[in-house]
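For reference, the structure is listed below as structure tokens.
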Amino acid sequence: MDRRVKLALIGAALSAGLLLLCWFMAFHVGFAARADVSILNGFTGLSHGSTRGLAYRIAHLCSPDPYVYLAAVPVLIALLRRRPLVALAILAILIGANATTELLKPLLAASRPAPPPDDLITVAQGSWPSGHATAAMSLALCCVLAAPARLRPWVAALGAAFAVVVSFSFLSLAWHYPSDVCGGFLIATAWTALGIAALFAVDRGRVPAKGTRRSLLEALEPPVAAVCAALALVAVVLLARPHAVVAYARLHKGFVVGAVVIAALGLALATVVMLALRNLSGSGRAPTGALRRGSPHGSG
């Protein structure tokens, strides 16, 4: 088996393993369930007035009606780049990830060890994993797949930011627990890893075209820039209302840790997928006689 295929399958297996661990912790470990509630309480405390309306509009981007149009974007990009196999992989990832989430939600519906933070907050028993988080992350990762090699690092950073902002928005609306978000992210990643494994299997024996593969440091520049931008945003908010921010952070320490973990997980998963695709050649095109004779390939 091609080494790249094997690594992609290992990535899918690791994602599935972490998914199982996430479910077990959320439903069967008391302190993890209490942390889930504490983090959720911190998010809902930020929802009021105009921020609630904005959060609803952002979260609604991954509801079925608008999502259909957003999901068409990476497919169309892959087709315009004459990468039909990539377009097919993207379709499989988007359908597979979201269908898996919708299947697991009723199957795993159960009460949790810790109740919601107050009587005003009701999270459905069949909320794990989050369909909105799955939709947002699978869209982000598929955009990374569809993008030209030189743009993938920036698409990965922006896609991760999109998935995290959508997740923060519906958490503030108490649609889901934080563990639901992690579950959705991991399902999207597992399906993406399977799609990458399939592309690597088709790509067997080929190498990226000369000049299309960025160095590791160059590839990591956009994710680092995303982290710096997030820190800068936090600094601006802190400078604008220092006393209120510090007081809220002290009162909701679990929320601060949880928000950082969700943001870091989203960025890490998108970055890993982007780095894995550095080993993909200009495949994704339908095989031709010229390719079989070993003609040069375009960028991945």
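Each chain of the structure tokens is named A, B, ... in the order shown, its residues numbered from 1; ligands are numbered from 1 in display order.
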
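Residues in contact with Lys105 of chain A at 8 Å, where only C-alpha atoms are counted and same-chain residues fewer than 4 positions away are skipped, are listed as A:Thr101, A:Ala109, A:Gly126, A:Ser127, A:Trp128, A:Pro129.
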
Residues within 10 Å of Ala78 of chain A, only C-alpha atoms, excluding chain neighbours under 2 positions, as a list in words:
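Residues meeting the cut-off are Val73, Pro74, Val75, Leu76, Leu80, Arg81, Arg82, Arg83, Pro84, Leu85, Val86, Ala87, Leu88, Ala89, Ile90, Cys142, Cys143, Leu145, Ala146, Ala147, Pro148, Gly284 and Arg285 of chain A.
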
Could you name the residues that touch segment 161-166 of chain A at 6 Å or less, counting only C-alpha atoms, but leaving out those on the same chain fewer than 3 positions away, as an MDAnalysis selection string?
chainID A and resid 58:59 136:137 158 169 263

Report the residues of segment 153-259 of chain A whose backbone DSSP state falls under helix (DSSP H, G or I), written as a CSV table (one decimal) with C-alpha atoms, in the first residue's frame.
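Writing the result to states04.csv gives the following:
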chain,number,residue,atom,x,y,z
A,153,PRO,CA,-2.5,27.4,3.6
A,154,TRP,CA,-4.6,30.5,3.4
A,155,VAL,CA,-7.8,28.6,2.6
A,156,ALA,CA,-7.1,26.3,5.6
A,157,ALA,CA,-6.7,29.2,8.0
A,158,LEU,CA,-9.8,31.0,6.7
A,159,GLY,CA,-11.8,27.8,6.7
A,160,ALA,CA,-10.9,27.0,10.2
A,161,ALA,CA,-11.9,30.5,11.3
A,162,PHE,CA,-15.2,30.1,9.6
A,163,ALA,CA,-15.9,26.7,11.3
A,164,VAL,CA,-14.9,28.1,14.7
A,165,VAL,CA,-17.0,31.3,14.4
A,166,VAL,CA,-20.1,29.3,13.3
A,167,SER,CA,-19.5,27.0,16.3
A,168,PHE,CA,-19.1,29.8,18.8
A,169,SER,CA,-22.3,31.4,17.4
A,170,PHE,CA,-24.6,28.5,18.0
A,171,LEU,CA,-22.9,27.7,21.3
A,172,SER,CA,-23.9,31.2,22.5
A,178,PRO,CA,-19.1,22.2,23.3
A,179,SER,CA,-18.5,18.4,23.1
A,180,ASP,CA,-21.0,18.3,20.3
A,181,VAL,CA,-18.8,20.7,18.3
A,182,CYS,CA,-15.7,18.5,18.9
A,183,GLY,CA,-17.6,15.5,17.7
A,184,GLY,CA,-18.8,17.3,14.5
A,185,PHE,CA,-15.2,18.5,13.7
A,186,LEU,CA,-13.8,15.0,14.1
A,187,ILE,CA,-16.5,13.4,11.9
A,188,ALA,CA,-15.7,15.9,9.1
A,189,THR,CA,-12.0,15.2,9.5
A,190,ALA,CA,-12.4,11.4,9.4
A,191,TRP,CA,-14.4,11.6,6.2
A,192,THR,CA,-11.9,14.1,4.7
A,193,ALA,CA,-9.0,11.7,5.6
A,194,LEU,CA,-10.8,8.9,3.8
A,195,GLY,CA,-11.3,11.1,0.7
A,196,ILE,CA,-7.6,12.1,0.8
A,197,ALA,CA,-6.7,8.4,1.0
A,198,ALA,CA,-8.8,7.7,-2.1
A,199,LEU,CA,-7.1,10.5,-4.0
A,200,PHE,CA,-3.7,9.3,-2.9
A,201,ALA,CA,-4.6,5.8,-4.2
A,202,VAL,CA,-5.4,7.3,-7.6
A,216,LEU,CA,6.8,23.7,5.6
A,217,LEU,CA,7.5,27.1,7.0
A,218,GLU,CA,5.7,28.8,4.2
A,219,ALA,CA,2.7,26.5,4.6
A,220,LEU,CA,2.5,27.3,8.3
A,221,GLU,CA,2.6,31.1,7.8
A,222,PRO,CA,-1.2,31.5,7.3
A,223,PRO,CA,-2.2,29.4,10.4
A,224,VAL,CA,0.3,31.3,12.5
A,225,ALA,CA,-1.2,34.5,11.1
A,226,ALA,CA,-4.6,33.3,12.1
A,227,VAL,CA,-3.5,32.8,15.6
A,228,CYS,CA,-1.9,36.2,15.7
A,229,ALA,CA,-5.1,37.8,14.4
A,230,ALA,CA,-7.1,36.0,17.1
A,231,LEU,CA,-4.8,37.2,19.8
A,232,ALA,CA,-4.9,40.8,18.4
A,233,LEU,CA,-8.7,40.7,18.5
A,234,VAL,CA,-8.7,39.5,22.1
A,235,ALA,CA,-6.2,42.3,22.9
A,236,VAL,CA,-8.5,44.9,21.3
A,237,VAL,CA,-11.5,43.7,23.3
A,238,LEU,CA,-9.4,43.6,26.5
A,239,LEU,CA,-8.2,47.2,25.9
A,240,ALA,CA,-11.8,48.4,25.2
A,242,PRO,CA,-10.6,45.6,30.6
A,243,HIS,CA,-12.5,45.4,33.8
A,244,ALA,CA,-15.5,43.6,32.3
A,245,VAL,CA,-13.4,41.2,30.3
A,246,VAL,CA,-11.2,40.3,33.3
A,247,ALA,CA,-14.2,39.9,35.6
A,248,TYR,CA,-16.0,37.6,33.1
A,249,ALA,CA,-12.9,35.5,32.5
A,250,ARG,CA,-12.4,35.0,36.2
A,251,LEU,CA,-16.0,34.0,36.7
A,253,LYS,CA,-12.5,30.1,33.6
A,254,GLY,CA,-13.9,26.9,32.0
A,255,PHE,CA,-15.3,28.9,29.2
A,256,VAL,CA,-12.0,30.5,28.4
A,257,VAL,CA,-10.2,27.1,28.3
A,258,GLY,CA,-13.0,25.6,26.3
A,259,ALA,CA,-13.1,28.4,23.7

Give me the segment 30-94 of chain A side of the contact with segment 10-24 of chain A, cut-off 12 Å, one line per residue showing its nearest atom pair and distance in Å at one decimal, counting only C-alpha atoms, sorted by chain and residue number, as JSON lines.
{"residue": "A:Gly30", "atom": "CA", "partner": "A:Phe24", "partner_atom": "CA", "distance": 10.4}
{"residue": "A:Phe31", "atom": "CA", "partner": "A:Phe24", "partner_atom": "CA", "distance": 11.9}
{"residue": "A:Ala32", "atom": "CA", "partner": "A:Phe24", "partner_atom": "CA", "distance": 9.4}
{"residue": "A:Ala33", "atom": "CA", "partner": "A:Phe24", "partner_atom": "CA", "distance": 9.9}
{"residue": "A:Asp36", "atom": "CA", "partner": "A:Cys22", "partner_atom": "CA", "distance": 11.1}
